[in-house]
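A.B. asks: Next comes the structure file coords29.cif, holding mmCIF, C-alpha atoms, pLDDT in the B column; chains and numbers go by the auth columns.
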```
data_my_file
#
loop_
_atom_site.group_PDB
_atom_site.id
_atom_site.type_symbol
_atom_site.label_atom_id
_atom_site.label_comp_id
_atom_site.label_asym_id
_atom_site.label_seq_id
_atom_site.Cartn_x
_atom_site.Cartn_y
_atom_site.Cartn_z
_atom_site.B_iso_or_equiv
_atom_site.auth_seq_id
_atom_site.auth_asym_id
ATOM 1 C CA MET A 1 -40.537 14.369 -22.895 55.00 69 A
ATOM 2 C CA ASP A 2 -42.556 17.555 -23.206 65.00 70 A
ATOM 3 C CA PRO A 3 -42.211 19.538 -19.932 69.00 71 A
ATOM 4 C CA SER A 4 -45.976 20.082 -19.631 73.00 72 A
ATOM 5 C CA ARG A 5 -46.622 16.345 -20.011 70.00 73 A
ATOM 6 C CA LEU A 6 -43.923 15.580 -17.450 66.00 74 A
ATOM 7 C CA MET A 7 -45.522 18.005 -15.001 77.00 75 A
ATOM 8 C CA ALA A 8 -48.926 16.405 -15.619 76.00 76 A
ATOM 9 C CA LEU A 9 -47.492 12.977 -14.848 71.00 77 A
ATOM 10 C CA VAL A 10 -45.909 14.280 -11.648 73.00 78 A
ATOM 11 C CA ARG A 11 -49.235 15.793 -10.603 79.00 79 A
ATOM 12 C CA PHE A 12 -51.054 12.588 -11.420 75.00 80 A
ATOM 13 C CA GLY A 13 -48.639 10.607 -9.277 74.00 81 A
ATOM 14 C CA TRP A 14 -49.114 12.999 -6.371 75.00 82 A
ATOM 15 C CA TYR A 15 -52.890 12.956 -6.666 80.00 83 A
ATOM 16 C CA ARG A 16 -52.831 9.168 -6.937 77.00 84 A
ATOM 17 C CA LEU A 17 -50.927 8.955 -3.662 78.00 85 A
ATOM 18 C CA MET A 18 -53.460 11.277 -2.012 85.00 86 A
ATOM 19 C CA ALA A 19 -56.321 9.188 -3.399 80.00 87 A
ATOM 20 C CA VAL A 20 -54.870 5.930 -2.114 81.00 88 A
ATOM 21 C CA PHE A 21 -55.048 7.405 1.378 80.00 89 A
ATOM 22 C CA GLY A 22 -58.677 8.368 0.814 82.00 90 A
ATOM 23 C CA HIS A 23 -58.215 12.092 0.249 86.00 91 A
ATOM 24 C CA CYS A 24 -61.178 13.363 -1.767 92.00 92 A
ATOM 25 C CA THR A 25 -59.182 16.179 -3.395 91.00 93 A
ATOM 26 C CA GLY A 26 -56.797 13.622 -4.847 92.00 94 A
ATOM 27 C CA GLN A 27 -59.697 11.453 -5.987 94.00 95 A
ATOM 28 C CA PHE A 28 -61.384 14.408 -7.686 94.00 96 A
ATOM 29 C CA ASN A 29 -58.217 15.483 -9.470 91.00 97 A
ATOM 30 C CA ILE A 30 -57.543 11.976 -10.746 92.00 98 A
ATOM 31 C CA GLY A 31 -61.090 11.891 -12.073 94.00 99 A
ATOM 32 C CA TYR A 32 -60.613 15.282 -13.707 93.00 100 A
ATOM 33 C CA MET A 33 -57.336 14.242 -15.346 91.00 101 A
ATOM 34 C CA TYR A 34 -58.925 11.081 -16.726 93.00 102 A
ATOM 35 C CA ALA A 35 -61.930 13.078 -17.946 95.00 103 A
ATOM 36 C CA LYS A 36 -59.735 15.581 -19.797 92.00 104 A
ATOM 37 C CA GLY A 37 -56.846 13.305 -20.725 90.00 105 A
ATOM 38 C CA TYR A 38 -54.294 15.371 -18.827 87.00 106 A
ATOM 39 C CA GLY A 39 -51.129 13.335 -18.271 83.00 107 A
ATOM 40 C CA VAL A 40 -53.036 10.092 -18.857 88.00 108 A
ATOM 41 C CA PRO A 41 -55.110 8.694 -21.725 91.00 109 A
ATOM 42 C CA GLN A 42 -58.643 10.045 -21.595 95.00 110 A
ATOM 43 C CA ASP A 43 -60.931 7.513 -19.933 96.00 111 A
ATOM 44 C CA VAL A 44 -64.426 8.652 -18.947 97.00 112 A
ATOM 45 C CA ASP A 45 -65.182 5.364 -17.175 97.00 113 A
ATOM 46 C CA LYS A 46 -62.236 5.857 -14.830 96.00 114 A
ATOM 47 C CA ALA A 47 -63.174 9.518 -14.454 96.00 115 A
ATOM 48 C CA VAL A 48 -66.630 8.525 -13.190 97.00 116 A
ATOM 49 C CA THR A 49 -65.125 5.969 -10.797 96.00 117 A
ATOM 50 C CA TRP A 50 -62.893 8.571 -9.160 94.00 118 A
ATOM 51 C CA TYR A 51 -65.494 11.327 -9.236 97.00 119 A
ATOM 52 C CA LEU A 52 -67.874 8.992 -7.429 97.00 120 A
ATOM 53 C CA LYS A 53 -65.345 8.229 -4.697 96.00 121 A
ATOM 54 C CA ALA A 54 -64.793 11.939 -4.077 96.00 122 A
ATOM 55 C CA ALA A 55 -68.471 12.852 -4.436 97.00 123 A
ATOM 56 C CA GLU A 56 -69.491 10.299 -1.831 97.00 124 A
ATOM 57 C CA GLN A 57 -67.088 12.021 0.565 95.00 125 A
ATOM 58 C CA GLY A 58 -68.815 15.338 -0.097 96.00 126 A
ATOM 59 C CA ASP A 59 -66.415 16.929 -2.567 97.00 127 A
ATOM 60 C CA VAL A 60 -68.530 19.626 -4.200 97.00 128 A
ATOM 61 C CA HIS A 61 -66.523 19.747 -7.434 97.00 129 A
ATOM 62 C CA ALA A 62 -66.767 15.995 -7.869 97.00 130 A
ATOM 63 C CA GLN A 63 -70.510 16.120 -7.230 98.00 131 A
ATOM 64 C CA SER A 64 -70.984 18.775 -9.906 98.00 132 A
ATOM 65 C CA ASN A 65 -68.778 17.019 -12.440 97.00 133 A
ATOM 66 C CA LEU A 66 -70.423 13.672 -11.763 98.00 134 A
ATOM 67 C CA ALA A 67 -73.815 15.289 -12.333 98.00 135 A
ATOM 68 C CA LEU A 68 -72.596 16.591 -15.685 97.00 136 A
ATOM 69 C CA MET A 69 -71.422 13.105 -16.642 98.00 137 A
ATOM 70 C CA TYR A 70 -74.963 11.858 -15.993 98.00 138 A
ATOM 71 C CA VAL A 71 -76.421 14.714 -18.050 98.00 139 A
ATOM 72 C CA LYS A 72 -74.170 13.859 -20.999 97.00 140 A
ATOM 73 C CA GLY A 73 -74.146 10.093 -20.507 97.00 141 A
ATOM 74 C CA GLN A 74 -70.357 10.006 -20.343 96.00 142 A
ATOM 75 C CA GLY A 75 -68.970 6.964 -18.536 96.00 143 A
ATOM 76 C CA VAL A 76 -72.476 6.250 -17.218 97.00 144 A
ATOM 77 C CA GLU A 77 -75.909 5.712 -18.689 97.00 145 A
ATOM 78 C CA GLN A 78 -77.578 9.074 -19.283 98.00 146 A
ATOM 79 C CA ASP A 79 -79.788 9.778 -16.265 98.00 147 A
ATOM 80 C CA ASP A 80 -81.199 13.221 -15.508 98.00 148 A
ATOM 81 C CA ALA A 81 -82.589 12.096 -12.148 98.00 149 A
ATOM 82 C CA GLN A 82 -79.111 11.103 -10.985 98.00 150 A
ATOM 83 C CA ALA A 83 -77.783 14.396 -12.316 98.00 151 A
ATOM 84 C CA VAL A 84 -80.348 16.269 -10.231 98.00 152 A
ATOM 85 C CA ARG A 85 -79.355 14.255 -7.163 98.00 153 A
ATOM 86 C CA TRP A 86 -75.696 15.205 -7.441 98.00 154 A
ATOM 87 C CA TYR A 87 -76.373 18.801 -8.468 98.00 155 A
ATOM 88 C CA ARG A 88 -78.574 19.204 -5.407 98.00 156 A
ATOM 89 C CA LEU A 89 -75.868 17.907 -3.067 98.00 157 A
ATOM 90 C CA ALA A 90 -73.377 20.376 -4.537 98.00 158 A
ATOM 91 C CA ALA A 91 -75.956 23.187 -4.564 98.00 159 A
ATOM 92 C CA ASP A 92 -76.725 22.594 -0.885 97.00 160 A
ATOM 93 C CA GLN A 93 -73.036 23.182 -0.192 96.00 161 A
ATOM 94 C CA GLY A 94 -73.193 26.584 -1.861 95.00 162 A
ATOM 95 C CA SER A 95 -71.835 25.844 -5.333 97.00 163 A
ATOM 96 C CA THR A 96 -73.352 28.562 -7.504 97.00 164 A
ATOM 97 C CA ASN A 97 -72.671 26.606 -10.689 97.00 165 A
ATOM 98 C CA ALA A 98 -74.534 23.619 -9.275 98.00 166 A
ATOM 99 C CA GLN A 99 -77.349 25.916 -8.146 98.00 167 A
ATOM 100 C CA CYS A 100 -77.648 27.268 -11.692 98.00 168 A
ATOM 101 C CA ASN A 101 -77.614 23.801 -13.188 98.00 169 A
ATOM 102 C CA LEU A 102 -80.213 22.579 -10.719 98.00 170 A
ATOM 103 C CA ALA A 103 -82.372 25.595 -11.563 98.00 171 A
ATOM 104 C CA PHE A 104 -82.060 24.703 -15.259 98.00 172 A
ATOM 105 C CA MET A 105 -83.199 21.147 -14.553 98.00 173 A
ATOM 106 C CA TYR A 106 -86.285 22.432 -12.709 98.00 174 A
ATOM 107 C CA LEU A 107 -87.016 25.024 -15.364 98.00 175 A
ATOM 108 C CA HIS A 108 -87.010 22.451 -18.154 98.00 176 A
ATOM 109 C CA GLY A 109 -88.358 19.455 -16.209 98.00 177 A
ATOM 110 C CA ARG A 110 -85.266 17.320 -16.607 98.00 178 A
ATOM 111 C CA GLY A 111 -85.004 14.600 -13.964 98.00 179 A
ATOM 112 C CA VAL A 112 -87.703 16.387 -11.932 98.00 180 A
ATOM 113 C CA ASP A 113 -91.167 17.775 -12.548 98.00 181 A
ATOM 114 C CA GLU A 114 -91.042 21.136 -14.273 98.00 182 A
ATOM 115 C CA ASP A 115 -91.201 23.748 -11.512 98.00 183 A
ATOM 116 C CA PRO A 116 -90.366 27.393 -12.358 98.00 184 A
ATOM 117 C CA ALA A 117 -90.698 28.439 -8.700 97.00 185 A
ATOM 118 C CA GLN A 118 -87.983 25.989 -7.699 98.00 186 A
ATOM 119 C CA ALA A 119 -85.887 27.186 -10.631 98.00 187 A
ATOM 120 C CA ALA A 120 -86.278 30.766 -9.465 98.00 188 A
ATOM 121 C CA HIS A 121 -85.308 29.769 -5.926 97.00 189 A
ATOM 122 C CA TRP A 122 -82.035 28.193 -6.992 98.00 190 A
ATOM 123 C CA TYR A 123 -81.217 30.980 -9.430 98.00 191 A
ATOM 124 C CA ARG A 124 -81.875 33.476 -6.623 97.00 192 A
ATOM 125 C CA LEU A 125 -79.475 31.735 -4.257 97.00 193 A
ATOM 126 C CA ALA A 126 -76.722 31.816 -6.884 97.00 194 A
ATOM 127 C CA ALA A 127 -77.601 35.368 -7.928 98.00 195 A
ATOM 128 C CA ASP A 128 -77.232 36.566 -4.350 96.00 196 A
ATOM 129 C CA LEU A 129 -73.742 35.065 -4.418 96.00 197 A
ATOM 130 C CA GLU A 130 -72.843 37.134 -7.504 96.00 198 A
ATOM 131 C CA ASN A 131 -73.136 34.442 -10.153 97.00 199 A
ATOM 132 C CA PRO A 132 -73.776 36.471 -13.341 98.00 200 A
ATOM 133 C CA SER A 133 -75.474 33.621 -15.196 98.00 201 A
ATOM 134 C CA ALA A 134 -77.947 33.230 -12.328 98.00 202 A
ATOM 135 C CA GLN A 135 -78.547 36.979 -12.217 98.00 203 A
ATOM 136 C CA CYS A 136 -79.200 37.030 -15.946 98.00 204 A
ATOM 137 C CA ASN A 137 -81.617 34.107 -15.798 98.00 205 A
ATOM 138 C CA LEU A 138 -83.402 35.500 -12.766 98.00 206 A
ATOM 139 C CA GLY A 139 -83.889 38.733 -14.685 98.00 207 A
ATOM 140 C CA VAL A 140 -85.563 36.809 -17.500 98.00 208 A
ATOM 141 C CA LEU A 141 -87.847 34.987 -15.055 98.00 209 A
ATOM 142 C CA HIS A 142 -88.949 38.302 -13.547 98.00 210 A
ATOM 143 C CA ALA A 143 -89.501 39.788 -16.996 98.00 211 A
ATOM 144 C CA ASN A 144 -91.769 36.896 -17.949 97.00 212 A
ATOM 145 C CA GLY A 145 -93.369 36.303 -14.543 98.00 213 A
ATOM 146 C CA ASN A 146 -92.152 32.725 -14.683 97.00 214 A
ATOM 147 C CA GLY A 147 -91.872 31.216 -11.191 97.00 215 A
ATOM 148 C CA VAL A 148 -91.801 34.717 -9.669 97.00 216 A
ATOM 149 C CA PRO A 149 -94.122 37.730 -9.881 96.00 217 A
ATOM 150 C CA GLN A 150 -93.665 39.649 -13.114 97.00 218 A
ATOM 151 C CA ASP A 151 -91.612 42.727 -12.303 97.00 219 A
ATOM 152 C CA VAL A 152 -89.766 44.579 -15.031 97.00 220 A
ATOM 153 C CA VAL A 153 -87.862 46.707 -12.502 98.00 221 A
ATOM 154 C CA LEU A 154 -86.372 43.615 -10.853 98.00 222 A
ATOM 155 C CA ALA A 155 -85.727 42.152 -14.295 98.00 223 A
ATOM 156 C CA TYR A 156 -83.729 45.287 -15.118 98.00 224 A
ATOM 157 C CA MET A 157 -81.913 45.243 -11.770 98.00 225 A
ATOM 158 C CA TRP A 158 -80.698 41.642 -12.054 98.00 226 A
ATOM 159 C CA SER A 159 -79.721 42.154 -15.689 98.00 227 A
ATOM 160 C CA GLU A 160 -77.816 45.309 -14.756 98.00 228 A
ATOM 161 C CA LEU A 161 -75.891 43.448 -12.047 98.00 229 A
ATOM 162 C CA ALA A 162 -74.893 40.666 -14.435 98.00 230 A
ATOM 163 C CA ALA A 163 -74.025 43.149 -17.188 98.00 231 A
ATOM 164 C CA ALA A 164 -71.719 44.972 -14.765 97.00 232 A
ATOM 165 C CA GLN A 165 -69.742 41.714 -14.530 97.00 233 A
ATOM 166 C CA GLY A 166 -69.317 41.639 -18.288 97.00 234 A
ATOM 167 C CA TYR A 167 -72.126 39.165 -19.014 98.00 235 A
ATOM 168 C CA GLU A 168 -73.058 40.140 -22.553 98.00 236 A
ATOM 169 C CA LEU A 169 -76.431 38.381 -22.730 98.00 237 A
ATOM 170 C CA ALA A 170 -77.523 40.233 -19.600 98.00 238 A
ATOM 171 C CA ARG A 171 -76.532 43.548 -21.181 98.00 239 A
ATOM 172 C CA GLU A 172 -78.628 42.699 -24.244 98.00 240 A
ATOM 173 C CA ASN A 173 -81.568 41.688 -22.044 98.00 241 A
ATOM 174 C CA ARG A 174 -81.297 44.863 -19.965 98.00 242 A
ATOM 175 C CA ASP A 175 -81.365 47.063 -23.059 98.00 243 A
ATOM 176 C CA ARG A 176 -84.290 45.097 -24.466 97.00 244 A
ATOM 177 C CA PHE A 177 -86.257 45.400 -21.211 98.00 245 A
ATOM 178 C CA ALA A 178 -85.546 49.135 -21.102 98.00 246 A
ATOM 179 C CA LYS A 179 -87.389 49.708 -24.388 97.00 247 A
ATOM 180 C CA GLY A 180 -90.682 48.868 -22.673 96.00 248 A
ATOM 181 C CA MET A 181 -89.990 50.735 -19.431 97.00 249 A
ATOM 182 C CA THR A 182 -90.603 54.284 -18.294 97.00 250 A
ATOM 183 C CA ALA A 183 -87.696 56.509 -17.325 98.00 251 A
ATOM 184 C CA ALA A 184 -88.783 56.230 -13.693 98.00 252 A
ATOM 185 C CA GLN A 185 -88.775 52.422 -13.848 98.00 253 A
ATOM 186 C CA ILE A 186 -85.306 52.370 -15.380 98.00 254 A
ATOM 187 C CA GLU A 187 -83.972 54.709 -12.714 98.00 255 A
ATOM 188 C CA GLU A 188 -85.524 52.531 -10.009 97.00 256 A
ATOM 189 C CA GLY A 189 -83.863 49.453 -11.495 98.00 257 A
ATOM 190 C CA ARG A 190 -80.524 51.247 -11.549 97.00 258 A
ATOM 191 C CA ARG A 191 -80.984 52.412 -7.967 97.00 259 A
ATOM 192 C CA LEU A 192 -81.749 48.899 -6.778 97.00 260 A
ATOM 193 C CA ALA A 193 -78.661 47.615 -8.573 97.00 261 A
ATOM 194 C CA ARG A 194 -76.463 50.327 -7.015 96.00 262 A
ATOM 195 C CA GLU A 195 -77.753 49.586 -3.523 95.00 263 A
ATOM 196 C CA TRP A 196 -77.662 45.804 -3.846 96.00 264 A
ATOM 197 C CA THR A 197 -75.082 43.953 -1.763 93.00 265 A
ATOM 198 C CA PRO A 198 -74.117 40.302 -2.201 91.00 266 A
ATOM 199 C CA GLY A 199 -75.270 37.713 0.280 83.00 267 A
ATOM 200 C CA VAL A 200 -78.193 35.341 0.598 52.00 268 A
ATOM 201 C CA ASP A 201 -81.286 37.356 1.472 55.00 269 A
ATOM 202 C CA ALA A 202 -83.822 35.994 3.946 38.00 270 A
ATOM 203 C CA ASP A 203 -86.610 36.129 1.376 45.00 271 A
ATOM 204 C CA ALA A 204 -84.692 33.752 -0.881 46.00 272 A
ATOM 205 C CA GLN A 205 -85.300 30.898 1.558 43.00 273 A
ATOM 206 C CA PRO A 206 -86.735 28.397 2.121 42.00 274 A
ATOM 207 C CA ALA A 207 -87.359 26.705 -1.188 47.00 275 A
ATOM 208 C CA PRO A 208 -90.994 26.667 -2.253 46.00 276 A
ATOM 209 C CA VAL A 209 -92.775 23.439 -1.430 42.00 277 A
ATOM 210 C CA THR A 210 -94.202 21.626 -4.418 44.00 278 A
ATOM 211 C CA PRO A 211 -97.605 20.053 -3.664 36.00 279 A
#
```
For the file at hand, write its structure as structure tokens.

C.D. replies:
Amino acid sequence: MDPSRLMALVRFGWYRLMAVFGHCTGQFNIGYMYAKGYGVPQDVDKAVTWYLKAAEQGDVHAQSNLALMYVKGQGVEQDDAQAVRWYRLAADQGSTNAQCNLAFMYLHGRGVDEDPAQAAHWYRLAADLENPSAQCNLGVLHANGNGVPQDVVLAYMWSELAAAQGYELARENRDRFAKGMTAAQIEEGRRLAREWTPGVDADAQPAPVTP
């Protein structure tokens, strides 16, 4: 037997034992292995079953993956509202990927009413925790005045921060924004990026209330 397959089977057996005793990490990993077909035949229905067990116990990774299954309609009927529910639970626990995905759902009105201010809120939370995708998207929102006041300096700052992490789209956005900025505005954006420190800022909370 291929050594990698043997190792996958050993891991599956260990995770299965953990899951039997109700350990959410074991439940999540079984779900993940079924979802990807690692060590076992791929089975999205079983993946959802195990993700759900772990998600209901508060496992943030299971909540995010279960949300994605609802987005794609894999192992469950496609349901954006359910995806939003599980993304929100993971986002409330500080998952920056879930925060970005929840922001996307608000930005495009999937499973919720379209609400750019809510999208900006969730992108901001993830951006303050150094998620480059969130920083890039927040830069675009500021550039367009979508859900936040239009501010090309902040658009440059957030794009600069994401670009510094190697996020290519952010670098392209930053350079594009710079073409319409004065030298003083660019320098201010760079200064803000240099002085920025990670961490959730007070003005990023609470979430805006939708009437």

A.B. asks: Can you list, as a list of chain:residue names, the residues that the PyMOL selection byres ((chain A and resi 231-237) around 12) selects here?

C.D. replies: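 Answer for the PyMOL selection byres ((chain A and resi 231-237) around 12): A:Glu198, A:Asn199, A:Pro200, A:Ser201, A:Ala202, A:Gln203, A:Cys204, A:Asn205, A:Gly207, A:Val208, A:Tyr224, A:Met225, A:Trp226, A:Ser227, A:Glu228, A:Leu229, A:Ala230, A:Ala238, A:Arg239, A:Glu240, A:Asn241, A:Arg242, A:Asp243, A:Arg244, A:Arg258, A:Ala261, A:Arg262.
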
A.B. asks: Would you kindly return, as a list of chain:residue names, each protein, DNA or RNA residue with an atom no farther than 7 Å from any atom of range 105-118 of chain A, considering all atoms listed in the file and excluding same-chain residues fewer than 2 positions away?

C.D. replies: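 Result of the neighbour search: A:Arg73, A:Ala76, A:Leu77, A:Phe80, A:Gln95, A:Phe96, A:Ile98, A:Gly99, A:Tyr100, A:Met101, A:Tyr102, A:Ala103, A:Leu120, A:Lys121, A:Ala122, A:Leu134, A:Gln142, A:Gly143.
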
A.B. asks: How would you write, as a list in words, the residues chosen by the PyMOL selection byres ((chain A and resi 157) around 9) on this structure?

C.D. replies: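 So the PyMOL selection byres ((chain A and resi 157) around 9) ends up selecting Gly126, Val128, Gln131, Ser132, Val152, Arg153, Trp154, Tyr155, Arg156, Ala158, Ala159, Asp160, Gln161 and Ala166 of chain A.
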
A.B. asks: What would the selection look like, as a PyMOL selection string, if the PyMOL selection byres ((chain A and resi 215) around 12) were run on the coordinates I just shared?

C.D. replies: chain A and resi 171+174-175+182-192+205-214+216-219+275-276+278

A.B. asks: Please measure the separation of CA of Pro266 in chain A and CA of Phe245 in chain A, giving the value in Å to one decimal.

C.D. replies: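 Interatomic distance, CA of Pro266 in chain A to CA of Phe245 in chain A: 23.1 Å.
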